[in-house]
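Asker: Below is the file input.csv, with CSV, C-alpha atoms.
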```
chain,number,residue,atom,x,y,z
X,1,MET,CA,-11.8,14.8,16.6
X,2,THR,CA,-9.8,18.0,16.5
X,3,ASN,CA,-12.3,20.8,15.8
X,4,THR,CA,-16.0,21.3,15.7
X,5,LYS,CA,-18.0,24.3,14.5
X,6,GLU,CA,-21.7,24.5,15.4
X,7,VAL,CA,-24.3,26.5,13.4
X,8,VAL,CA,-27.8,26.6,14.7
X,9,LYS,CA,-30.5,27.1,12.1
X,10,GLY,CA,-34.1,26.6,13.1
X,11,GLU,CA,-34.7,23.1,14.3
X,12,GLU,CA,-31.4,21.8,13.0
X,13,VAL,CA,-27.8,22.1,14.2
X,14,THR,CA,-25.2,21.9,11.6
X,15,LEU,CA,-22.0,20.6,13.0
X,16,THR,CA,-18.8,20.6,11.0
X,17,ILE,CA,-16.4,18.1,12.4
X,18,GLU,CA,-12.8,18.1,11.4
X,19,PRO,CA,-11.5,14.7,12.2
X,20,GLY,CA,-8.5,15.0,9.8
X,21,MET,CA,-8.5,11.3,9.7
X,22,ASN,CA,-6.0,9.8,7.2
X,23,ILE,CA,-7.3,6.3,6.4
X,24,LEU,CA,-4.1,5.2,4.8
X,25,GLU,CA,-2.1,6.5,7.7
X,26,VAL,CA,-3.7,3.9,10.0
X,27,ASN,CA,-2.0,1.1,8.0
X,28,ARG,CA,1.3,3.0,7.9
X,29,GLN,CA,1.2,3.4,11.7
X,30,LEU,CA,0.5,-0.3,12.1
X,31,ALA,CA,3.4,-1.1,9.7
X,32,GLU,CA,5.7,1.0,11.9
X,33,LYS,CA,4.7,-1.0,14.9
X,34,ASN,CA,5.4,-4.2,13.0
X,35,ARG,CA,8.8,-2.8,12.0
X,36,GLU,CA,9.6,-1.9,15.6
X,37,LEU,CA,8.6,-5.3,16.9
X,38,LEU,CA,10.7,-7.2,14.3
X,39,ARG,CA,13.7,-5.0,15.0
X,40,LYS,CA,13.4,-5.5,18.7
X,41,HIS,CA,13.7,-9.2,18.1
X,42,LYS,CA,16.5,-8.7,15.5
X,43,VAL,CA,14.4,-10.2,12.8
X,44,LYS,CA,15.1,-9.0,9.2
X,45,ALA,CA,12.0,-8.8,7.1
X,46,ILE,CA,11.3,-8.6,3.4
X,47,ASP,CA,8.1,-8.7,1.5
X,48,ILE,CA,7.6,-9.7,-2.1
X,49,MET,CA,5.0,-8.2,-4.4
X,50,GLY,CA,4.2,-9.0,-8.0
X,51,SER,CA,1.5,-10.2,-10.4
X,52,ILE,CA,0.1,-13.7,-10.4
X,53,GLY,CA,2.6,-16.0,-12.0
X,54,ALA,CA,5.5,-13.6,-11.9
X,55,GLY,CA,7.5,-16.2,-10.0
X,56,LYS,CA,7.3,-14.9,-6.4
X,57,THR,CA,6.9,-18.4,-4.8
X,58,SER,CA,9.7,-19.9,-6.9
X,59,LEU,CA,12.0,-17.0,-5.9
X,60,ILE,CA,11.2,-17.5,-2.3
X,61,GLU,CA,12.0,-21.2,-2.6
X,62,GLN,CA,15.4,-20.2,-4.1
X,63,LEU,CA,16.0,-17.7,-1.4
X,64,VAL,CA,15.1,-20.2,1.3
X,65,GLN,CA,17.4,-22.8,-0.1
X,66,LYS,CA,20.3,-20.4,-0.3
X,67,LEU,CA,19.7,-18.5,3.0
X,68,LYS,CA,18.8,-21.5,5.1
X,69,PRO,CA,22.3,-22.1,6.3
X,70,LYS,CA,22.7,-18.5,7.5
X,71,TYR,CA,19.2,-17.6,8.8
X,72,ARG,CA,16.4,-19.3,10.7
X,73,ILE,CA,13.6,-18.4,8.3
X,74,ALA,CA,9.8,-18.1,8.5
X,75,VAL,CA,7.6,-17.4,5.5
X,76,PHE,CA,4.2,-15.8,5.5
X,77,LYS,CA,2.3,-16.6,2.3
X,78,GLY,CA,-0.6,-14.4,1.4
X,79,ASP,CA,-3.1,-16.3,-0.7
X,80,LEU,CA,-6.8,-15.8,-1.3
X,81,THR,CA,-7.9,-19.3,-0.4
X,82,THR,CA,-5.4,-22.0,-1.0
X,83,THR,CA,-2.3,-23.5,0.7
X,84,ILE,CA,-0.7,-24.8,-2.6
X,85,ASP,CA,2.3,-22.4,-2.5
X,86,ALA,CA,2.8,-22.8,1.3
X,87,GLU,CA,3.2,-26.6,0.7
X,88,HIS,CA,5.8,-25.9,-1.9
X,89,ILE,CA,7.8,-23.6,0.4
X,90,GLY,CA,7.3,-25.9,3.4
X,91,ARG,CA,9.2,-28.7,1.6
X,92,HIS,CA,12.4,-26.8,2.3
X,93,GLY,CA,12.0,-27.3,6.0
X,94,VAL,CA,11.1,-23.8,7.1
X,95,GLN,CA,8.1,-22.5,9.0
X,96,VAL,CA,5.4,-21.4,6.6
X,97,LEU,CA,2.2,-19.6,7.6
X,98,THR,CA,-0.5,-19.1,5.1
X,99,ILE,CA,-2.5,-15.9,5.4
X,100,ASN,CA,-5.7,-16.5,3.6
X,101,THR,CA,-7.2,-13.2,2.8
X,102,GLY,CA,-10.4,-14.7,1.5
X,103,ARG,CA,-11.4,-11.9,-0.8
X,104,GLU,CA,-8.9,-9.2,-0.2
X,105,CYS,CA,-6.4,-8.5,-3.0
X,106,HIS,CA,-3.5,-7.5,-0.8
X,107,LEU,CA,-2.0,-8.0,2.6
X,108,ASP,CA,-2.0,-5.1,5.1
X,109,ALA,CA,-0.1,-4.3,8.2
X,110,ASN,CA,-3.0,-5.5,10.4
X,111,VAL,CA,-3.1,-9.1,9.0
X,112,VAL,CA,0.7,-9.3,9.2
X,113,SER,CA,0.7,-8.2,12.8
X,114,ARG,CA,-1.8,-10.9,13.7
X,115,ALA,CA,0.3,-13.5,11.8
X,116,VAL,CA,3.4,-12.3,13.7
X,117,GLU,CA,1.6,-13.1,17.0
X,118,ARG,CA,1.3,-16.7,15.8
X,119,ILE,CA,5.0,-17.3,15.4
X,120,SER,CA,7.8,-17.2,17.9
X,121,LEU,CA,10.1,-14.3,16.9
X,122,GLN,CA,12.8,-15.6,19.2
X,123,ASP,CA,13.2,-18.6,16.9
X,124,ILE,CA,13.8,-16.8,13.6
X,125,ASP,CA,16.2,-14.2,12.1
X,126,LEU,CA,14.5,-13.7,8.8
X,127,LEU,CA,10.9,-13.3,7.8
X,128,ILE,CA,9.9,-13.4,4.2
X,129,ILE,CA,6.4,-12.3,3.3
X,130,GLU,CA,4.8,-13.1,0.0
X,131,ASN,CA,2.0,-10.8,-0.9
X,132,VAL,CA,-1.1,-11.7,-2.8
X,133,GLY,CA,-0.5,-11.9,-6.6
X,134,ASN,CA,-1.3,-8.4,-7.7
X,135,LEU,CA,0.9,-5.6,-9.0
X,136,ILE,CA,-1.3,-2.7,-7.8
X,137,CYS,CA,-3.0,-2.8,-4.4
X,138,PRO,CA,-0.2,-4.3,-2.2
X,139,ALA,CA,1.9,-1.3,-3.0
X,140,GLU,CA,-0.5,1.0,-1.1
X,141,PHE,CA,-0.1,-1.0,2.1
X,142,PRO,CA,3.4,-1.1,3.6
X,143,LEU,CA,3.7,-4.1,6.0
X,144,GLY,CA,6.6,-3.0,8.2
X,145,THR,CA,9.4,-4.9,6.5
X,146,ASP,CA,12.9,-3.7,6.0
X,147,LYS,CA,12.9,-4.1,2.2
X,148,ARG,CA,10.1,-4.4,-0.3
X,149,VAL,CA,10.6,-6.4,-3.5
X,150,VAL,CA,8.6,-6.2,-6.6
X,151,VAL,CA,8.9,-9.1,-9.1
X,152,VAL,CA,8.0,-8.7,-12.7
X,153,SER,CA,8.6,-11.4,-15.4
X,154,VAL,CA,9.4,-10.9,-19.0
X,155,THR,CA,6.3,-12.7,-20.0
X,156,GLU,CA,4.2,-9.8,-18.7
X,157,GLY,CA,5.2,-7.7,-21.6
X,158,PRO,CA,7.4,-4.6,-22.0
X,159,TYR,CA,5.1,-2.0,-20.3
X,160,MET,CA,4.5,-3.1,-16.7
X,161,ILE,CA,6.7,-0.4,-15.3
X,162,LEU,CA,5.3,2.4,-17.4
X,163,LYS,CA,1.7,1.2,-16.6
X,164,HIS,CA,2.3,0.8,-12.9
X,165,PRO,CA,5.0,3.4,-12.0
X,166,PHE,CA,3.6,4.0,-8.5
X,167,THR,CA,4.1,0.3,-7.6
X,168,PHE,CA,7.8,0.6,-8.4
X,169,MET,CA,8.1,3.8,-6.4
X,170,THR,CA,7.2,1.9,-3.2
X,171,ALA,CA,9.8,-0.9,-3.8
X,172,ASP,CA,13.4,-1.1,-2.8
X,173,VAL,CA,14.4,-3.9,-5.1
X,174,MET,CA,13.0,-5.0,-8.4
X,175,VAL,CA,13.4,-8.5,-9.8
X,176,ILE,CA,13.1,-9.1,-13.5
X,177,ASN,CA,12.3,-12.9,-13.6
X,178,LYS,CA,12.2,-15.5,-16.3
X,179,LYS,CA,15.4,-14.0,-17.9
X,180,ASP,CA,15.8,-17.2,-20.0
X,181,LEU,CA,12.6,-16.2,-21.9
X,182,ALA,CA,13.6,-12.6,-22.6
X,183,GLU,CA,14.8,-13.2,-26.1
X,184,ILE,CA,11.8,-15.3,-27.1
X,185,MET,CA,9.5,-12.6,-25.7
X,186,LYS,CA,11.6,-9.9,-27.4
X,187,ILE,CA,12.1,-8.1,-24.1
X,188,ASP,CA,15.2,-5.9,-23.4
X,189,THR,CA,15.8,-6.3,-19.7
X,190,ASP,CA,18.3,-3.4,-19.7
X,191,GLN,CA,15.5,-1.2,-21.0
X,192,LEU,CA,13.2,-2.4,-18.2
X,193,GLU,CA,15.9,-1.6,-15.7
X,194,ARG,CA,16.3,1.9,-17.1
X,195,GLN,CA,12.6,2.6,-17.0
X,196,ALA,CA,12.4,1.4,-13.4
X,197,LYS,CA,15.3,3.6,-12.4
X,198,ASP,CA,13.8,6.6,-14.1
X,199,VAL,CA,10.8,6.1,-11.9
X,200,LYS,CA,12.9,5.4,-8.8
X,201,PRO,CA,16.6,6.2,-9.1
X,202,GLU,CA,17.7,4.2,-5.9
X,203,LEU,CA,15.9,1.0,-6.9
X,204,LYS,CA,18.2,-2.0,-7.0
X,205,VAL,CA,17.6,-4.5,-9.7
X,206,ALA,CA,18.3,-8.3,-10.0
X,207,VAL,CA,17.6,-10.3,-13.2
X,208,THR,CA,16.8,-13.9,-12.4
X,209,ASN,CA,15.6,-17.2,-13.5
X,210,ALA,CA,13.8,-18.5,-10.4
X,211,LEU,CA,13.6,-22.1,-11.7
X,212,THR,CA,17.4,-22.5,-12.0
X,213,GLY,CA,18.4,-20.0,-9.4
X,214,ASP,CA,20.4,-18.0,-11.9
X,215,GLY,CA,20.7,-14.4,-10.6
X,216,VAL,CA,19.4,-15.2,-7.1
X,217,GLU,CA,22.8,-14.3,-5.5
X,218,GLU,CA,22.4,-10.9,-7.1
X,219,LEU,CA,19.1,-10.6,-5.4
X,220,ILE,CA,20.5,-11.6,-2.1
X,221,LYS,CA,23.1,-9.0,-2.4
X,222,ALA,CA,20.5,-6.3,-3.3
X,223,LEU,CA,18.6,-7.3,-0.2
X,224,GLU,CA,21.8,-7.0,1.9
X,225,LEU,CA,21.2,-10.5,3.3
K,226,MET,CA,-11.0,1.8,1.3
K,227,ALA,CA,-14.5,3.2,0.7
K,228,THR,CA,-15.8,0.9,3.5
K,229,GLN,CA,-13.3,2.4,5.9
K,230,ILE,CA,-14.2,5.9,4.9
K,231,VAL,CA,-17.9,5.3,5.4
K,232,GLU,CA,-17.3,3.4,8.7
K,233,ASN,CA,-15.2,6.2,10.1
K,234,VAL,CA,-17.7,8.9,9.1
K,235,LEU,CA,-20.6,6.9,10.6
K,236,GLU,CA,-18.7,6.4,13.8
K,237,GLU,CA,-17.8,10.1,14.1
K,238,ALA,CA,-21.4,11.1,13.2
K,239,LYS,CA,-22.8,8.7,15.9
K,240,ARG,CA,-20.5,10.2,18.4
K,241,HIS,CA,-22.1,13.5,17.8
K,242,ASP,CA,-25.7,12.2,17.7
K,243,ALA,CA,-26.1,13.1,14.1
K,244,LYS,CA,-29.5,12.7,12.5
K,245,LYS,CA,-28.1,13.0,9.1
K,246,VAL,CA,-24.7,13.4,7.5
K,247,ALA,CA,-24.9,16.2,4.9
K,248,GLU,CA,-21.4,16.5,3.6
K,249,VAL,CA,-18.1,14.5,3.6
K,250,HIS,CA,-15.0,16.3,2.5
K,251,LEU,CA,-12.3,13.9,1.4
K,252,VAL,CA,-8.7,14.6,0.2
K,253,ILE,CA,-7.2,12.0,-2.1
K,254,GLY,CA,-3.6,12.2,-3.1
K,255,LYS,CA,-2.7,11.7,-6.7
K,256,MET,CA,0.2,9.5,-5.7
K,257,THR,CA,-2.1,6.9,-4.1
K,258,PHE,CA,-3.8,4.1,-6.0
K,259,LEU,CA,-7.2,5.4,-5.3
K,260,GLY,CA,-9.5,6.3,-8.2
K,261,VAL,CA,-11.9,9.2,-7.5
K,262,ASP,CA,-14.6,7.7,-9.7
K,263,GLN,CA,-14.3,4.3,-8.0
K,264,VAL,CA,-14.4,5.8,-4.5
K,265,ARG,CA,-17.5,7.7,-5.5
K,266,PHE,CA,-19.2,4.6,-6.9
K,267,SER,CA,-18.5,2.5,-3.9
K,268,TYR,CA,-19.5,5.3,-1.5
K,269,GLY,CA,-22.9,5.6,-3.2
K,270,ILE,CA,-23.5,1.9,-2.6
K,271,LEU,CA,-22.2,1.8,1.0
K,272,VAL,CA,-24.2,4.8,2.3
K,273,LYS,CA,-27.5,3.3,1.3
K,274,ASP,CA,-29.9,2.8,4.3
K,275,THR,CA,-27.6,4.7,6.6
K,276,ILE,CA,-27.7,8.3,7.9
K,277,MET,CA,-25.2,9.1,5.2
K,278,GLU,CA,-27.6,8.4,2.4
K,279,ASP,CA,-28.0,11.5,0.2
K,280,SER,CA,-24.9,13.0,1.7
K,281,LYS,CA,-22.6,15.0,-0.6
K,282,LEU,CA,-19.1,13.6,-1.2
K,283,ILE,CA,-16.7,16.4,-2.0
K,284,ILE,CA,-13.3,15.1,-3.1
K,285,LYS,CA,-10.2,17.3,-3.3
K,286,GLU,CA,-7.3,15.8,-5.2
K,287,GLN,CA,-3.9,16.5,-3.8
K,288,ASP,CA,-1.0,16.8,-6.3
K,289,GLY,CA,2.1,14.9,-5.7
K,290,VAL,CA,5.0,16.8,-4.2
K,291,ILE,CA,8.6,15.5,-3.8
K,292,GLU,CA,11.4,16.7,-1.6
K,293,CYS,CA,15.1,16.0,-2.4
K,294,PRO,CA,17.2,15.2,0.6
K,295,SER,CA,20.4,15.9,-1.4
K,296,CYS,CA,19.8,19.5,-2.7
K,297,GLY,CA,16.6,20.5,-0.8
K,298,PHE,CA,14.4,20.9,-3.9
K,299,LYS,CA,10.7,20.8,-3.1
K,300,GLY,CA,8.2,20.8,-5.9
K,301,ALA,CA,5.8,18.9,-8.1
K,302,VAL,CA,6.5,15.3,-9.1
K,303,PRO,CA,8.5,15.5,-12.3
K,304,ILE,CA,7.0,13.8,-15.3
K,305,GLU,CA,9.3,11.9,-17.7
K,306,ASP,CA,7.9,12.6,-21.1
K,307,ASP,CA,10.3,10.5,-23.2
K,308,PRO,CA,8.6,9.9,-26.6
K,309,ALA,CA,10.0,6.3,-26.3
K,310,TYR,CA,7.6,5.7,-23.4
K,311,HIS,CA,4.4,6.7,-25.3
K,312,VAL,CA,3.0,7.9,-22.0
K,313,PRO,CA,4.1,10.5,-19.4
K,314,VAL,CA,5.6,8.6,-16.5
K,315,PRO,CA,6.0,10.2,-13.0
K,316,SER,CA,9.5,10.1,-11.6
K,317,LEU,CA,11.1,10.3,-8.2
K,318,ARG,CA,14.3,11.7,-9.7
K,319,CYS,CA,15.0,15.2,-8.5
K,320,PRO,CA,14.7,17.6,-11.5
K,321,LYS,CA,17.4,19.8,-10.0
K,322,CYS,CA,20.2,17.5,-9.1
K,323,GLY,CA,19.1,14.1,-10.4
K,324,GLU,CA,19.3,12.3,-7.0
K,325,ALA,CA,16.5,10.2,-5.5
K,326,ALA,CA,13.8,12.3,-3.9
K,327,LYS,CA,11.0,11.4,-1.5
K,328,ILE,CA,7.2,11.9,-1.8
K,329,VAL,CA,6.0,14.4,0.8
K,330,GLU,CA,2.5,15.1,-0.5
K,331,GLY,CA,0.1,13.1,-2.5
K,332,LYS,CA,-0.2,10.0,-0.4
K,333,GLU,CA,-3.3,11.1,1.5
K,334,CYS,CA,-6.7,9.6,1.8
K,335,THR,CA,-8.0,11.9,4.5
K,336,ILE,CA,-11.5,12.7,5.8
K,337,GLU,CA,-10.9,16.4,6.2
K,338,SER,CA,-14.3,17.3,7.6
K,339,ILE,CA,-17.9,16.2,7.8
K,340,ARG,CA,-21.0,18.2,8.1
K,341,ILE,CA,-23.8,16.6,10.1
K,342,LEU,CA,-27.3,17.7,10.9
K,343,LYS,CA,-28.5,17.4,14.4
K,344,GLN,CA,-32.0,17.8,15.9
K,345,GLN,CA,-31.9,20.9,18.2
K,346,GLU,CA,-32.6,20.0,21.8
K,347,ASP,CA,-35.8,21.6,22.8
K,348,LYS,CA,-35.0,23.3,26.1
K,349,ASN,CA,-38.7,23.8,27.0
K,350,ASP,CA,-39.4,20.1,26.7
K,351,CYS,CA,-39.1,19.2,30.3
K,352,LYS,CA,-41.6,16.5,31.2
K,353,ARG,CA,-40.9,16.4,34.9
K,354,CYS,CA,-41.8,20.0,35.8
K,355,CYS,CA,-44.2,21.4,33.3
```
Represent the structure of the file as C-alpha cells.

Answerer:
Amino acid sequence: MTNTKEVVKGEEVTLTIEPGMNILEVNRQLAEKNRELLRKHKVKAIDIMGSIGAGKTSLIEQLVQKLKPKYRIAVFKGDLTTTIDAEHIGRHGVQVLTINTGRECHLDANVVSRAVERISLQDIDLLIIENVGNLICPAEFPLGTDKRVVVVSVTEGPYMILKHPFTFMTADVMVINKKDLAEIMKIDTDQLERQAKDVKPELKVAVTNALTGDGVEELIKALEL
Amino acid sequence: MATQIVENVLEEAKRHDAKKVAEVHLVIGKMTFLGVDQVRFSYGILVKDTIMEDSKLIIKEQDGVIECPSCGFKGAVPIEDDPAYHVPVPSLRCPKCGEAAKIVEGKECTIESIRILKQQEDKNDCKRCC
C-alpha cells in the first residue's frame, strides 16, 4: 500500500487505496530471481515455447544429443498431465523433470523456481525448459532463462507470426521447423523470417527439421551454446 | 490473471477492514496478452459471494510505447501496414533509425487503486463506561 485517502460520509467511510500493484510484475521479479540463481551457479538456461505439435520435444532431443558432450544438461518438461515427452528425452541419458501444470496453459517463474529447488545446480551447466504447448500464454510469463526460443512449424500455416506478433516480440530465437514439408505446404520460410524480423528486428532465426537434425547446428549457434 | 487480481484486491480490502469494495481501477497494457472483455467476464464470476460483488471494474488501457537504445526515439509502437500482411502488425523496429527498440509501456496489469466502504466506528459506543 502506498497511499490512502479517506472520505467520511454519514455512516460510511470511503477509502481509496492505491496499491499500484502490477500483477505481471510479480512473475517478472521471480523470473529475475531465477536468472540470478542460475547465473550464480554458472548454468545457462533456455526455454522453448511453441504450439502443440510444433516439434519442441523433438528439437530438445536433437539439442541434447548434440550438446551432451559439451554440457551437463537437465531438462524441465512442462506438460499438463503426462510424462510421455519426458520419457522420450530421458532416453538420451539426461536428467528430466516433468512439471505437470494440471490445468494451466503455461509455465511461470514460480513453478520453475520450485523445480529448480528439486535439482542440483552444481551438477549441471545447461538447463533446457520446454513450455506447455501453446503459442500465446507462455509469452506473457518470462521464466528467468538467458534465451527464449519460439518454435513454429510450416504445417501451422503461413500466418502464425502475423496472428501472434506479441509472442515473437518476447523471443530471442525463432525456429521454423519441419522445413522438409515447406514445399508441400506451399510455405515460403524466407517470408516467415522476414515477417518475424519486421516484428522483432534482432530475432535470430533457424530453419530446421527436428527429425533428421538438419538445421540444429544453426539453432545452437543462434543460442550461442 | 483475473483470480490474482481479485485475490489481491480482497487481501488489500481485508487489511483495511472493508465492508464492501466499491471500485477497482485497473490498468491493462495493450502489449500484454490480456483481453479486457475476458478479464471483465472472469472478474464477474470470481467476485460472486465476496465483498467485491457489485463492485465496479474500471479498466484503463495503456498504449504501447517503445524506446530505441540506438537513437533515443520514444513513441508509440509502430504498426506495419504492409498490404501483403492483410492485417496491421505491430513492430519493434524503430521508425526513426530502423534499429531494434524496446517496449517501455504497455506491459502493465496494474491494480492502480481500489475504493472500499467501511463502517464508521461509533465513538459513543463504549460498553464499559456508559

Asker: Near Leu59 of chain X, counting only C-alpha atoms, which residues have an atom at most 7 Å away, once you skip same-chain residues fewer than 4 positions from it, shown as JSON, numbers by chain?

Answerer: {"X": [55, 63, 210]}

Asker: Which value, in Å to one decimal, gives the distance between atom CA of Asn34 of chain X and atom CA of Thr101 of chain X?

Answerer: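 So the answer is 18.5 Å.
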
Asker: Closest to Lys285 of chain K among K:His311, K:Lys255, K:Lys327, K:Arg240, using only C-alpha atoms?

Answerer: K:Lys255

Asker: If the cut-off is 9 Å, can you tell me the residues of chain K near chain X, counting all atoms listed in the file? I'd like them as a PyMOL selection string.

Answerer: chain K and resi 226+229-230+233+237-238+241+243+247-248+252+256-258+305+310+312-318+323-326+332-347

Asker: Generate a file of the selected residues that holds C-alpha atoms, formatted as a PDB file, in the coordinates of the input.

Answerer:
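Full text of selection.pdb as output:
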```pdb
ATOM      1  CA  MET K 226     -11.000   1.800   1.300  1.00  0.00           C
ATOM      2  CA  GLN K 229     -13.300   2.400   5.900  1.00  0.00           C
ATOM      3  CA  ILE K 230     -14.200   5.900   4.900  1.00  0.00           C
ATOM      4  CA  ASN K 233     -15.200   6.200  10.100  1.00  0.00           C
ATOM      5  CA  GLU K 237     -17.800  10.100  14.100  1.00  0.00           C
ATOM      6  CA  ALA K 238     -21.400  11.100  13.200  1.00  0.00           C
ATOM      7  CA  HIS K 241     -22.100  13.500  17.800  1.00  0.00           C
ATOM      8  CA  ALA K 243     -26.100  13.100  14.100  1.00  0.00           C
ATOM      9  CA  ALA K 247     -24.900  16.200   4.900  1.00  0.00           C
ATOM     10  CA  GLU K 248     -21.400  16.500   3.600  1.00  0.00           C
ATOM     11  CA  VAL K 252      -8.700  14.600   0.200  1.00  0.00           C
ATOM     12  CA  MET K 256       0.200   9.500  -5.700  1.00  0.00           C
ATOM     13  CA  THR K 257      -2.100   6.900  -4.100  1.00  0.00           C
ATOM     14  CA  PHE K 258      -3.800   4.100  -6.000  1.00  0.00           C
ATOM     15  CA  GLU K 305       9.300  11.900 -17.700  1.00  0.00           C
ATOM     16  CA  TYR K 310       7.600   5.700 -23.400  1.00  0.00           C
ATOM     17  CA  VAL K 312       3.000   7.900 -22.000  1.00  0.00           C
ATOM     18  CA  PRO K 313       4.100  10.500 -19.400  1.00  0.00           C
ATOM     19  CA  VAL K 314       5.600   8.600 -16.500  1.00  0.00           C
ATOM     20  CA  PRO K 315       6.000  10.200 -13.000  1.00  0.00           C
ATOM     21  CA  SER K 316       9.500  10.100 -11.600  1.00  0.00           C
ATOM     22  CA  LEU K 317      11.100  10.300  -8.200  1.00  0.00           C
ATOM     23  CA  ARG K 318      14.300  11.700  -9.700  1.00  0.00           C
ATOM     24  CA  GLY K 323      19.100  14.100 -10.400  1.00  0.00           C
ATOM     25  CA  GLU K 324      19.300  12.300  -7.000  1.00  0.00           C
ATOM     26  CA  ALA K 325      16.500  10.200  -5.500  1.00  0.00           C
ATOM     27  CA  ALA K 326      13.800  12.300  -3.900  1.00  0.00           C
ATOM     28  CA  LYS K 332      -0.200  10.000  -0.400  1.00  0.00           C
ATOM     29  CA  GLU K 333      -3.300  11.100   1.500  1.00  0.00           C
ATOM     30  CA  CYS K 334      -6.700   9.600   1.800  1.00  0.00           C
ATOM     31  CA  THR K 335      -8.000  11.900   4.500  1.00  0.00           C
ATOM     32  CA  ILE K 336     -11.500  12.700   5.800  1.00  0.00           C
ATOM     33  CA  GLU K 337     -10.900  16.400   6.200  1.00  0.00           C
ATOM     34  CA  SER K 338     -14.300  17.300   7.600  1.00  0.00           C
ATOM     35  CA  ILE K 339     -17.900  16.200   7.800  1.00  0.00           C
ATOM     36  CA  ARG K 340     -21.000  18.200   8.100  1.00  0.00           C
ATOM     37  CA  ILE K 341     -23.800  16.600  10.100  1.00  0.00           C
ATOM     38  CA  LEU K 342     -27.300  17.700  10.900  1.00  0.00           C
ATOM     39  CA  LYS K 343     -28.500  17.400  14.400  1.00  0.00           C
ATOM     40  CA  GLN K 344     -32.000  17.800  15.900  1.00  0.00           C
ATOM     41  CA  GLN K 345     -31.900  20.900  18.200  1.00  0.00           C
ATOM     42  CA  GLU K 346     -32.600  20.000  21.800  1.00  0.00           C
ATOM     43  CA  ASP K 347     -35.800  21.600  22.800  1.00  0.00           C
TER      44      ASP K 347
END
```

Asker: Atom CA of Asp306 of chain K to atom CA of Val152 of chain X: how many Å, to one decimal?

Answerer: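 Here the two named atoms are 22.9 Å from each other.
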
Asker: What gap, in Å, lies between atom CA of Lys77 of chain X and atom CA of Thr98 of chain X?

Answerer: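 Computing the Euclidean distance for atom CA of Lys77 of chain X and atom CA of Thr98 of chain X yields 4.7 Å.
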
Asker: Given only C-alpha atoms as the basis, pick out the residue of X:Ile99, X:Val112, X:Ala222, X:Ile60 nearest to Ala31 of chain X.

Answerer: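 Of X:Ile99, X:Val112, X:Ala222, X:Ile60, the one nearest Ala31 of chain X is X:Val112, counting only C-alpha atoms.
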
Asker: Output as a compact mmCIF listing (two decimals), in the coordinates of the input: segment 110-122 of chain X, completed with N, CA and C atoms.

Answerer:
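So the final result, stored in result-v7.txt, reads:
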```txt
# COMPACT_ATOMS: atom_id res chain seq x y z
N ASN X 110 -2.16 -4.92 9.34
CA ASN X 110 -3.00 -5.50 10.40
C ASN X 110 -2.92 -7.06 10.33
N VAL X 111 -3.14 -7.63 9.15
CA VAL X 111 -3.10 -9.10 9.00
C VAL X 111 -1.71 -9.63 9.33
N VAL X 112 -0.72 -8.84 8.93
CA VAL X 112 0.70 -9.30 9.20
C VAL X 112 0.94 -9.25 10.70
N SER X 113 0.43 -8.22 11.40
CA SER X 113 0.70 -8.20 12.80
C SER X 113 0.03 -9.34 13.56
N ARG X 114 -1.13 -9.75 13.06
CA ARG X 114 -1.80 -10.90 13.70
C ARG X 114 -1.02 -12.20 13.39
N ALA X 115 -0.46 -12.29 12.18
CA ALA X 115 0.30 -13.50 11.80
C ALA X 115 1.61 -13.52 12.66
N VAL X 116 2.20 -12.33 12.90
CA VAL X 116 3.40 -12.30 13.70
C VAL X 116 3.18 -12.81 15.11
N GLU X 117 1.97 -12.55 15.62
CA GLU X 117 1.60 -13.10 17.00
C GLU X 117 1.62 -14.58 17.01
N ARG X 118 1.41 -15.19 15.85
CA ARG X 118 1.30 -16.70 15.80
C ARG X 118 2.64 -17.37 15.70
N ILE X 119 3.71 -16.62 15.49
CA ILE X 119 5.00 -17.30 15.40
C ILE X 119 5.90 -16.80 16.56
N SER X 120 6.94 -17.58 16.81
CA SER X 120 7.80 -17.20 17.90
C SER X 120 9.02 -16.44 17.28
N LEU X 121 9.05 -15.13 17.52
CA LEU X 121 10.10 -14.30 16.90
C LEU X 121 11.48 -14.61 17.45
N GLN X 122 11.52 -15.22 18.64
CA GLN X 122 12.80 -15.60 19.20
C GLN X 122 13.50 -16.67 18.37
```
